[in-house]
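Chemist: Coordinates in model-v2.txt, compact mmCIF, N, CA and C atoms, are listed below.
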```txt
# COMPACT_ATOMS: atom_id res chain seq x y z
N LEU W 1 -7.15 -6.87 -13.32
CA LEU W 1 -7.26 -5.41 -13.31
C LEU W 1 -5.87 -4.81 -13.39
N SER W 2 -5.76 -3.78 -14.17
CA SER W 2 -4.45 -3.13 -14.28
C SER W 2 -4.41 -1.91 -13.37
N GLY W 3 -3.23 -1.49 -13.04
CA GLY W 3 -3.07 -0.36 -12.15
C GLY W 3 -3.67 0.91 -12.71
N GLY W 4 -4.11 1.77 -11.83
CA GLY W 4 -4.62 3.06 -12.25
C GLY W 4 -6.10 3.08 -12.55
N GLU W 5 -6.75 1.94 -12.52
CA GLU W 5 -8.18 1.93 -12.79
C GLU W 5 -8.96 2.46 -11.61
N ALA W 6 -10.13 3.00 -11.89
CA ALA W 6 -11.04 3.41 -10.83
C ALA W 6 -12.27 2.52 -10.92
N VAL W 7 -12.78 2.12 -9.77
CA VAL W 7 -13.96 1.26 -9.73
C VAL W 7 -15.07 1.97 -8.97
N SER W 8 -16.30 1.68 -9.35
CA SER W 8 -17.46 2.25 -8.67
C SER W 8 -17.64 1.56 -7.32
N PRO W 9 -18.42 2.14 -6.42
CA PRO W 9 -18.70 1.45 -5.16
C PRO W 9 -19.27 0.04 -5.37
N THR W 10 -20.15 -0.11 -6.34
CA THR W 10 -20.73 -1.43 -6.61
C THR W 10 -19.67 -2.42 -7.06
N GLU W 11 -18.76 -1.96 -7.94
CA GLU W 11 -17.67 -2.84 -8.39
C GLU W 11 -16.75 -3.17 -7.22
N ALA W 12 -16.54 -2.19 -6.33
CA ALA W 12 -15.68 -2.41 -5.16
C ALA W 12 -16.27 -3.50 -4.27
N VAL W 13 -17.57 -3.48 -4.07
CA VAL W 13 -18.23 -4.51 -3.25
C VAL W 13 -17.99 -5.88 -3.88
N ARG W 14 -18.15 -5.98 -5.19
CA ARG W 14 -17.94 -7.25 -5.88
C ARG W 14 -16.50 -7.73 -5.70
N LEU W 15 -15.55 -6.82 -5.85
CA LEU W 15 -14.14 -7.19 -5.69
C LEU W 15 -13.84 -7.62 -4.26
N MET W 16 -14.41 -6.91 -3.29
CA MET W 16 -14.19 -7.27 -1.88
C MET W 16 -14.79 -8.64 -1.59
N ASN W 17 -15.92 -8.94 -2.19
CA ASN W 17 -16.53 -10.26 -2.01
C ASN W 17 -15.66 -11.36 -2.61
N GLN W 18 -14.79 -10.99 -3.54
CA GLN W 18 -13.88 -11.95 -4.17
C GLN W 18 -12.51 -11.96 -3.49
N GLY W 19 -12.39 -11.23 -2.36
CA GLY W 19 -11.14 -11.28 -1.60
C GLY W 19 -10.23 -10.08 -1.71
N ALA W 20 -10.65 -9.04 -2.40
CA ALA W 20 -9.82 -7.84 -2.51
C ALA W 20 -9.69 -7.17 -1.14
N GLY W 21 -8.55 -6.55 -0.92
CA GLY W 21 -8.34 -5.77 0.29
C GLY W 21 -8.73 -4.32 0.05
N LEU W 22 -9.17 -3.64 1.10
CA LEU W 22 -9.54 -2.23 0.99
C LEU W 22 -8.68 -1.43 1.95
N VAL W 23 -8.03 -0.39 1.44
CA VAL W 23 -7.17 0.47 2.25
C VAL W 23 -7.75 1.88 2.23
N ASP W 24 -8.00 2.42 3.42
CA ASP W 24 -8.54 3.77 3.58
C ASP W 24 -7.40 4.67 4.01
N VAL W 25 -7.10 5.69 3.21
CA VAL W 25 -5.95 6.55 3.46
C VAL W 25 -6.33 7.89 4.10
N ARG W 26 -7.55 8.00 4.60
CA ARG W 26 -7.98 9.26 5.22
C ARG W 26 -7.33 9.44 6.59
N SER W 27 -7.57 10.60 7.17
CA SER W 27 -7.04 10.87 8.51
C SER W 27 -7.75 10.00 9.53
N GLN W 28 -7.18 9.92 10.73
CA GLN W 28 -7.79 9.13 11.80
C GLN W 28 -9.20 9.65 12.11
N ALA W 29 -9.36 10.98 12.14
CA ALA W 29 -10.68 11.55 12.45
C ALA W 29 -11.70 11.19 11.38
N GLU W 30 -11.31 11.28 10.10
CA GLU W 30 -12.22 10.92 9.01
C GLU W 30 -12.58 9.44 9.09
N PHE W 31 -11.58 8.60 9.30
CA PHE W 31 -11.79 7.16 9.37
C PHE W 31 -12.73 6.83 10.53
N GLY W 32 -12.50 7.46 11.67
CA GLY W 32 -13.31 7.19 12.86
C GLY W 32 -14.75 7.62 12.72
N SER W 33 -15.00 8.61 11.86
CA SER W 33 -16.37 9.11 11.71
C SER W 33 -17.23 8.20 10.83
N GLY W 34 -16.61 7.23 10.16
CA GLY W 34 -17.35 6.27 9.35
C GLY W 34 -16.49 5.75 8.22
N HIS W 35 -16.33 4.42 8.17
CA HIS W 35 -15.52 3.81 7.13
C HIS W 35 -16.19 2.52 6.63
N ILE W 36 -15.68 2.03 5.53
CA ILE W 36 -16.21 0.81 4.92
C ILE W 36 -15.78 -0.39 5.76
N LEU W 37 -16.69 -1.31 5.96
CA LEU W 37 -16.44 -2.52 6.74
C LEU W 37 -15.17 -3.21 6.28
N ASP W 38 -14.33 -3.59 7.23
CA ASP W 38 -13.07 -4.30 6.99
C ASP W 38 -12.00 -3.48 6.29
N ALA W 39 -12.21 -2.16 6.19
CA ALA W 39 -11.16 -1.31 5.61
C ALA W 39 -9.95 -1.31 6.53
N ARG W 40 -8.79 -1.33 5.93
CA ARG W 40 -7.55 -1.20 6.68
C ARG W 40 -7.18 0.27 6.67
N HIS W 41 -6.97 0.86 7.83
CA HIS W 41 -6.64 2.28 7.91
C HIS W 41 -5.14 2.46 7.83
N VAL W 42 -4.69 3.10 6.76
CA VAL W 42 -3.29 3.45 6.58
C VAL W 42 -3.27 4.90 6.10
N PRO W 43 -3.00 5.85 7.00
CA PRO W 43 -2.97 7.25 6.57
C PRO W 43 -2.06 7.45 5.36
N GLN W 44 -2.44 8.38 4.50
CA GLN W 44 -1.75 8.56 3.23
C GLN W 44 -0.24 8.70 3.39
N ASP W 45 0.20 9.41 4.41
CA ASP W 45 1.65 9.62 4.58
C ASP W 45 2.38 8.37 5.07
N GLN W 46 1.64 7.29 5.33
CA GLN W 46 2.26 6.05 5.80
C GLN W 46 2.14 4.90 4.80
N VAL W 47 1.59 5.19 3.61
CA VAL W 47 1.36 4.13 2.63
C VAL W 47 2.65 3.47 2.18
N ALA W 48 3.69 4.25 1.90
CA ALA W 48 4.95 3.67 1.42
C ALA W 48 5.54 2.76 2.48
N GLN W 49 5.50 3.17 3.73
CA GLN W 49 6.01 2.37 4.84
C GLN W 49 5.19 1.09 5.00
N ALA W 50 3.86 1.21 4.93
CA ALA W 50 2.98 0.05 5.09
C ALA W 50 3.14 -0.94 3.94
N ALA W 51 3.51 -0.46 2.76
CA ALA W 51 3.70 -1.35 1.61
C ALA W 51 4.77 -2.39 1.88
N GLU W 52 5.75 -2.02 2.70
CA GLU W 52 6.84 -2.92 3.02
C GLU W 52 6.53 -3.80 4.23
N SER W 53 5.44 -3.50 4.92
CA SER W 53 5.14 -4.27 6.13
C SER W 53 3.72 -4.83 6.08
N THR W 54 2.76 -4.12 6.62
CA THR W 54 1.43 -4.67 6.80
C THR W 54 0.68 -4.92 5.49
N LEU W 55 1.00 -4.19 4.44
CA LEU W 55 0.28 -4.40 3.18
C LEU W 55 0.99 -5.38 2.25
N LYS W 56 2.18 -5.80 2.62
CA LYS W 56 2.98 -6.67 1.75
C LYS W 56 2.23 -7.92 1.32
N ARG W 57 1.41 -8.46 2.24
CA ARG W 57 0.70 -9.71 1.92
C ARG W 57 -0.35 -9.52 0.81
N PHE W 58 -0.65 -8.28 0.45
CA PHE W 58 -1.63 -8.01 -0.62
C PHE W 58 -0.96 -7.69 -1.95
N LYS W 59 0.34 -7.86 -2.03
CA LYS W 59 1.08 -7.44 -3.23
C LYS W 59 0.53 -8.07 -4.51
N ASP W 60 0.08 -9.31 -4.43
CA ASP W 60 -0.41 -9.99 -5.63
C ASP W 60 -1.93 -10.14 -5.64
N LYS W 61 -2.59 -9.41 -4.76
CA LYS W 61 -4.06 -9.43 -4.72
C LYS W 61 -4.58 -8.08 -5.18
N VAL W 62 -5.87 -8.02 -5.41
CA VAL W 62 -6.49 -6.73 -5.75
C VAL W 62 -6.55 -5.89 -4.48
N VAL W 63 -6.08 -4.66 -4.58
CA VAL W 63 -6.13 -3.71 -3.47
C VAL W 63 -6.94 -2.50 -3.94
N ILE W 64 -7.99 -2.18 -3.19
CA ILE W 64 -8.82 -1.03 -3.49
C ILE W 64 -8.41 0.09 -2.55
N MET W 65 -8.05 1.23 -3.09
CA MET W 65 -7.66 2.38 -2.28
C MET W 65 -8.86 3.31 -2.16
N SER W 66 -9.06 3.88 -0.96
CA SER W 66 -10.17 4.82 -0.78
C SER W 66 -9.76 5.98 0.09
N CYS W 67 -10.42 7.11 -0.14
CA CYS W 67 -10.29 8.29 0.70
C CYS W 67 -11.66 8.98 0.67
N GLU W 68 -11.73 10.24 0.98
CA GLU W 68 -13.04 10.90 1.01
C GLU W 68 -13.60 11.11 -0.40
N SER W 69 -12.75 11.60 -1.32
CA SER W 69 -13.25 11.94 -2.66
C SER W 69 -12.61 11.15 -3.79
N GLY W 70 -11.54 10.44 -3.51
CA GLY W 70 -10.84 9.69 -4.55
C GLY W 70 -9.52 10.30 -4.97
N MET W 71 -9.23 11.50 -4.51
CA MET W 71 -7.99 12.17 -4.91
C MET W 71 -6.76 11.63 -4.16
N ARG W 72 -6.82 11.63 -2.83
CA ARG W 72 -5.67 11.15 -2.04
C ARG W 72 -5.42 9.67 -2.31
N SER W 73 -6.49 8.89 -2.44
CA SER W 73 -6.30 7.46 -2.66
C SER W 73 -5.71 7.18 -4.04
N SER W 74 -5.97 8.04 -5.00
CA SER W 74 -5.38 7.88 -6.32
C SER W 74 -3.87 8.05 -6.23
N ALA W 75 -3.43 9.05 -5.48
CA ALA W 75 -1.99 9.26 -5.27
C ALA W 75 -1.39 8.09 -4.50
N ALA W 76 -2.10 7.60 -3.49
CA ALA W 76 -1.62 6.48 -2.69
C ALA W 76 -1.52 5.21 -3.54
N ALA W 77 -2.46 5.04 -4.48
CA ALA W 77 -2.43 3.88 -5.38
C ALA W 77 -1.15 3.90 -6.22
N ARG W 78 -0.77 5.09 -6.67
CA ARG W 78 0.47 5.21 -7.46
C ARG W 78 1.69 4.83 -6.62
N VAL W 79 1.68 5.17 -5.33
CA VAL W 79 2.78 4.80 -4.44
C VAL W 79 2.90 3.28 -4.37
N LEU W 80 1.77 2.59 -4.19
CA LEU W 80 1.81 1.12 -4.13
C LEU W 80 2.27 0.52 -5.45
N GLN W 81 1.78 1.08 -6.56
CA GLN W 81 2.18 0.57 -7.86
C GLN W 81 3.69 0.71 -8.06
N ALA W 82 4.24 1.82 -7.60
CA ALA W 82 5.68 2.04 -7.72
C ALA W 82 6.46 1.04 -6.89
N GLN W 83 5.83 0.46 -5.87
CA GLN W 83 6.48 -0.52 -5.02
C GLN W 83 6.16 -1.96 -5.44
N GLY W 84 5.60 -2.11 -6.63
CA GLY W 84 5.42 -3.45 -7.19
C GLY W 84 4.06 -4.08 -6.99
N PHE W 85 3.10 -3.34 -6.44
CA PHE W 85 1.75 -3.87 -6.33
C PHE W 85 1.13 -3.81 -7.72
N THR W 86 0.62 -4.94 -8.20
CA THR W 86 0.20 -5.03 -9.59
C THR W 86 -1.30 -4.85 -9.82
N ASN W 87 -2.10 -5.00 -8.77
CA ASN W 87 -3.56 -4.94 -8.94
C ASN W 87 -4.18 -3.89 -8.01
N VAL W 88 -3.77 -2.64 -8.18
CA VAL W 88 -4.27 -1.57 -7.33
C VAL W 88 -5.30 -0.76 -8.11
N VAL W 89 -6.46 -0.57 -7.51
CA VAL W 89 -7.51 0.24 -8.11
C VAL W 89 -7.97 1.28 -7.09
N ASN W 90 -8.61 2.32 -7.59
CA ASN W 90 -9.07 3.41 -6.75
C ASN W 90 -10.60 3.40 -6.68
N LEU W 91 -11.13 3.66 -5.49
CA LEU W 91 -12.59 3.77 -5.36
C LEU W 91 -13.01 5.11 -5.93
N ARG W 92 -13.67 5.07 -7.09
CA ARG W 92 -14.08 6.28 -7.79
C ARG W 92 -15.05 7.09 -6.92
N GLY W 93 -14.69 8.33 -6.63
CA GLY W 93 -15.55 9.18 -5.82
C GLY W 93 -15.38 8.97 -4.33
N GLY W 94 -14.55 8.00 -3.95
CA GLY W 94 -14.23 7.76 -2.55
C GLY W 94 -15.44 7.42 -1.69
N VAL W 95 -15.27 7.69 -0.40
CA VAL W 95 -16.32 7.37 0.56
C VAL W 95 -17.57 8.23 0.30
N GLN W 96 -17.38 9.41 -0.32
CA GLN W 96 -18.54 10.23 -0.68
C GLN W 96 -19.45 9.47 -1.64
N ALA W 97 -18.87 8.83 -2.63
CA ALA W 97 -19.66 8.05 -3.59
C ALA W 97 -20.29 6.84 -2.91
N TRP W 98 -19.55 6.22 -1.99
CA TRP W 98 -20.06 5.07 -1.23
C TRP W 98 -21.31 5.49 -0.46
N ARG W 99 -21.22 6.64 0.24
CA ARG W 99 -22.38 7.18 0.98
C ARG W 99 -23.55 7.49 0.04
N ALA W 100 -23.23 8.06 -1.11
CA ALA W 100 -24.27 8.45 -2.07
C ALA W 100 -25.06 7.25 -2.57
N GLU W 101 -24.44 6.08 -2.57
CA GLU W 101 -25.14 4.86 -2.98
C GLU W 101 -25.78 4.15 -1.79
N ASN W 102 -25.81 4.84 -0.64
CA ASN W 102 -26.42 4.31 0.58
C ASN W 102 -25.83 2.98 1.01
N LEU W 103 -24.53 2.81 0.79
CA LEU W 103 -23.84 1.61 1.24
C LEU W 103 -23.41 1.84 2.69
N PRO W 104 -23.31 0.77 3.47
CA PRO W 104 -23.07 0.93 4.91
C PRO W 104 -21.65 1.37 5.26
N LEU W 105 -21.57 2.15 6.31
CA LEU W 105 -20.30 2.55 6.91
C LEU W 105 -20.34 2.13 8.37
N VAL W 106 -19.20 1.81 8.93
CA VAL W 106 -19.13 1.49 10.35
C VAL W 106 -18.35 2.60 11.05
N LYS W 107 -18.70 2.84 12.29
CA LYS W 107 -18.04 3.89 13.06
C LYS W 107 -17.01 3.30 13.99
N GLU W 108 -16.07 4.13 14.38
CA GLU W 108 -15.02 3.72 15.33
C GLU W 108 -15.66 3.13 16.58
N GLY W 109 -15.05 2.09 17.10
CA GLY W 109 -15.57 1.49 18.32
C GLY W 109 -16.55 0.36 18.06
N SER W 110 -16.84 0.08 16.79
CA SER W 110 -17.78 -0.99 16.48
C SER W 110 -17.10 -2.35 16.48
N GLY W 111 -15.77 -2.35 16.57
CA GLY W 111 -15.04 -3.61 16.54
C GLY W 111 -14.84 -4.16 15.14
N LYS W 112 -15.18 -3.38 14.14
CA LYS W 112 -15.11 -3.85 12.76
C LYS W 112 -13.96 -3.23 11.98
N SER W 113 -13.11 -2.47 12.64
CA SER W 113 -12.05 -1.79 11.89
C SER W 113 -10.71 -2.46 12.10
N ARG W 114 -9.84 -2.22 11.16
CA ARG W 114 -8.47 -2.73 11.24
C ARG W 114 -7.54 -1.55 11.06
N HIS W 115 -6.60 -1.42 11.94
CA HIS W 115 -5.62 -0.34 11.85
C HIS W 115 -4.29 -0.95 11.48
N ASP W 116 -3.88 -0.75 10.23
CA ASP W 116 -2.63 -1.33 9.78
C ASP W 116 -1.57 -0.27 9.53
N GLY W 117 -1.86 0.97 9.85
CA GLY W 117 -0.88 2.03 9.65
C GLY W 117 0.29 1.84 10.59
N ALA W 118 1.45 2.25 10.14
CA ALA W 118 2.62 2.15 11.01
C ALA W 118 2.46 3.11 12.18
N ARG W 119 2.82 2.68 13.32
CA ARG W 119 2.73 3.54 14.51
C ARG W 119 4.03 4.29 14.70
N THR W 120 3.92 5.58 14.87
CA THR W 120 5.14 6.37 15.06
C THR W 120 5.07 7.11 16.38
```
Take the structure in this file and express it as structure tokens.
Modeler:
Amino acid sequence: LSGGEAVSPTEAVRLMNQGAGLVDVRSQAEFGSGHILDARHVPQDQVAQAAESTLKRFKDKVVIMSCESGMRSSAAARVLQAQGFTNVVNLRGGVQAWRAENLPLVKEGSGKSRHDGART
């Protein structure tokens, strides 16, 4: 996959099943209200910092970026690409599209989330 592509929720599931990482760039409140299983929470303003630390191990893997509608994650995908990530794609339509396809979301406190954002 080349940078800048957008994938549907169904394609995202297939990629995740093949080992792709998923990064959710929404706010803490949005993330806590429901996110995709195993999503790594990195708020949009921390993506560049996380690229050098917690996300570095995904540099040569497929990384799916997500937000509520697909706009913020598209910008965040460009940040990762500028830092040398070669396989970054955007979840087309974001979590809204994921919900529209009746795919599962997990809520904060379920023990299924990962917080990889830099702590400040």
Chemist: Contacts of range 85-102 of chain W at 6.5 Å or less, counting all atoms listed in the file, minus same-chain residues fewer than 5 places along, as a PyMOL selection string?
Modeler: chain W and resi 1-9+58-71+73-74+77+80
Chemist: Could you please determine the separation between atom C of Val47 in chain W and atom C of Gly21 in chain W in Å, to one decimal place?
Modeler: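 Distance reported for this atom pair: 14.0 Å.
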Chemist: Let me make sure I understand: among W:Gly34, W:Gln28, W:Ala20, W:Val13, which one has the smallest atom-to-atom distance to Lys107 in chain W if we use all atoms listed in the file?
Modeler: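 Residue with the minimum atom-to-atom distance to Lys107 in chain W: W:Gly34.
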Chemist: Take CA of Leu105 in chain W and CA of Gln81 in chain W and report the distance between them in Å, one decimal.
Modeler: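 About the pair CA of Leu105 in chain W and CA of Gln81 in chain W: they are 27.0 Å apart.
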Chemist: Could you pull out the strand (DSSP E) residues of chain W, going by DSSP on the backbone, and write them as a ChimeraX atom specification?
Modeler: /W:5-7,21-24,40-41,63-66,88-91,114-115
Chemist: Could you tell me how far atom N of Glu30 in chain W lies from atom N of Arg57 in chain W, in Å and to one decimal?
Modeler: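 These two atoms are separated by 24.8 Å.
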Chemist: I need the alpha helix (DSSP H) residues of chain W per DSSP on the backbone, written as a PyMOL selection string.
Modeler: chain W and resi 9-17+28-33+47-51+71-82+94-100
Chemist: If you take every atom of range 99-108 of chain W that the file lists and fit an axis-aligned box around them with 6 Å extra on each side, what centre and edge lengths come out in Å to one decimal, as lines of an AutoDock Vina configuration file?
Modeler:
```
center_x = -20.7
center_y = 4.6
center_z = 6.8
size_x = 23.4
size_y = 19.7
size_z = 31.6
```
Chemist: Pull the neighbourhood of (5.5, -2.3, 0.0) for me: all residues within 8 Å in file coordinates, counting all atoms listed in the file, as a VMD selection string.
Modeler: chain W and resid 47 to 57 59 79 to 80 82 to 85
Chemist: Next, write the just-selected residues to a file, as a JSON list (two decimals), keeping the file's coordinate frame, keeping N, CA and C atoms as the atom set.
Modeler:
```
[["chain", "number", "residue", "atom", "x", "y", "z"],
["W", 47, "VAL", "N", 1.59, 5.19, 3.61],
["W", 47, "VAL", "CA", 1.36, 4.13, 2.63],
["W", 47, "VAL", "C", 2.65, 3.47, 2.18],
["W", 48, "ALA", "N", 3.69, 4.25, 1.90],
["W", 48, "ALA", "CA", 4.95, 3.67, 1.42],
["W", 48, "ALA", "C", 5.54, 2.76, 2.48],
["W", 49, "GLN", "N", 5.50, 3.17, 3.73],
["W", 49, "GLN", "CA", 6.01, 2.37, 4.84],
["W", 49, "GLN", "C", 5.19, 1.09, 5.00],
["W", 50, "ALA", "N", 3.86, 1.21, 4.93],
["W", 50, "ALA", "CA", 2.98, 0.05, 5.09],
["W", 50, "ALA", "C", 3.14, -0.94, 3.94],
["W", 51, "ALA", "N", 3.51, -0.46, 2.76],
["W", 51, "ALA", "CA", 3.70, -1.35, 1.61],
["W", 51, "ALA", "C", 4.77, -2.39, 1.88],
["W", 52, "GLU", "N", 5.75, -2.02, 2.70],
["W", 52, "GLU", "CA", 6.84, -2.92, 3.02],
["W", 52, "GLU", "C", 6.53, -3.80, 4.23],
["W", 53, "SER", "N", 5.44, -3.50, 4.92],
["W", 53, "SER", "CA", 5.14, -4.27, 6.13],
["W", 53, "SER", "C", 3.72, -4.83, 6.08],
["W", 54, "THR", "N", 2.76, -4.12, 6.62],
["W", 54, "THR", "CA", 1.43, -4.67, 6.80],
["W", 54, "THR", "C", 0.68, -4.92, 5.49],
["W", 55, "LEU", "N", 1.00, -4.19, 4.44],
["W", 55, "LEU", "CA", 0.28, -4.40, 3.18],
["W", 55, "LEU", "C", 0.99, -5.38, 2.25],
["W", 56, "LYS", "N", 2.18, -5.80, 2.62],
["W", 56, "LYS", "CA", 2.98, -6.67, 1.75],
["W", 56, "LYS", "C", 2.23, -7.92, 1.32],
["W", 57, "ARG", "N", 1.41, -8.46, 2.24],
["W", 57, "ARG", "CA", 0.70, -9.71, 1.92],
["W", 57, "ARG", "C", -0.35, -9.52, 0.81],
["W", 59, "LYS", "N", 0.34, -7.86, -2.03],
["W", 59, "LYS", "CA", 1.08, -7.44, -3.23],
["W", 59, "LYS", "C", 0.53, -8.07, -4.51],
["W", 79, "VAL", "N", 1.68, 5.17, -5.33],
["W", 79, "VAL", "CA", 2.78, 4.80, -4.44],
["W", 79, "VAL", "C", 2.90, 3.28, -4.37],
["W", 80, "LEU", "N", 1.77, 2.59, -4.19],
["W", 80, "LEU", "CA", 1.81, 1.12, -4.13],
["W", 80, "LEU", "C", 2.27, 0.52, -5.45],
["W", 82, "ALA", "N", 4.24, 1.82, -7.60],
["W", 82, "ALA", "CA", 5.68, 2.04, -7.72],
["W", 82, "ALA", "C", 6.46, 1.04, -6.89],
["W", 83, "GLN", "N", 5.83, 0.46, -5.87],
["W", 83, "GLN", "CA", 6.48, -0.52, -5.02],
["W", 83, "GLN", "C", 6.16, -1.96, -5.44],
["W", 84, "GLY", "N", 5.60, -2.11, -6.63],
["W", 84, "GLY", "CA", 5.42, -3.45, -7.19],
["W", 84, "GLY", "C", 4.06, -4.08, -6.99],
["W", 85, "PHE", "N", 3.10, -3.34, -6.44],
["W", 85, "PHE", "CA", 1.75, -3.87, -6.33],
["W", 85, "PHE", "C", 1.13, -3.81, -7.72]]
```
Chemist: Between W:Leu22, W:Ala75, W:Leu103, W:Asn17, which residue has the minimum interatomic distance to Gln44 in chain W, considering only C-alpha atoms?
Modeler: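 Comparing W:Leu22, W:Ala75, W:Leu103, W:Asn17 against Gln44 in chain W, the winner is W:Ala75.
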Chemist: For Val23 in chain W, find every residue with an atom within 6 Å (counting only C-alpha atoms), except residues of its own chain fewer than 5 positions away, and show them as a list in words.
Modeler: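 These residues fall inside the cut-off: Ala39, Arg40, His41 and Met65 of chain W.
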Chemist: For the residues in the current selection, export N, CA and C atoms as a PDB file, in the frame of the given file.
Modeler:
```pdb
ATOM      1  N   ALA W  39     -12.210  -2.160   6.190  1.00  0.00           N
ATOM      2  CA  ALA W  39     -11.160  -1.310   5.610  1.00  0.00           C
ATOM      3  C   ALA W  39      -9.950  -1.310   6.530  1.00  0.00           C
ATOM      4  N   ARG W  40      -8.790  -1.330   5.930  1.00  0.00           N
ATOM      5  CA  ARG W  40      -7.550  -1.200   6.680  1.00  0.00           C
ATOM      6  C   ARG W  40      -7.180   0.270   6.670  1.00  0.00           C
ATOM      7  N   HIS W  41      -6.970   0.860   7.830  1.00  0.00           N
ATOM      8  CA  HIS W  41      -6.640   2.280   7.910  1.00  0.00           C
ATOM      9  C   HIS W  41      -5.140   2.460   7.830  1.00  0.00           C
ATOM     10  N   MET W  65      -8.050   1.230  -3.090  1.00  0.00           N
ATOM     11  CA  MET W  65      -7.660   2.380  -2.280  1.00  0.00           C
ATOM     12  C   MET W  65      -8.860   3.310  -2.160  1.00  0.00           C
TER      13      MET W  65
END
```
Chemist: Find the residues near Pro43 in chain W: any atom within 8 Å, counting only C-alpha atoms, skip ones fewer than 5 places away on the same chain, and give them as a ChimeraX atom specification.
Modeler: /W:24-28,117
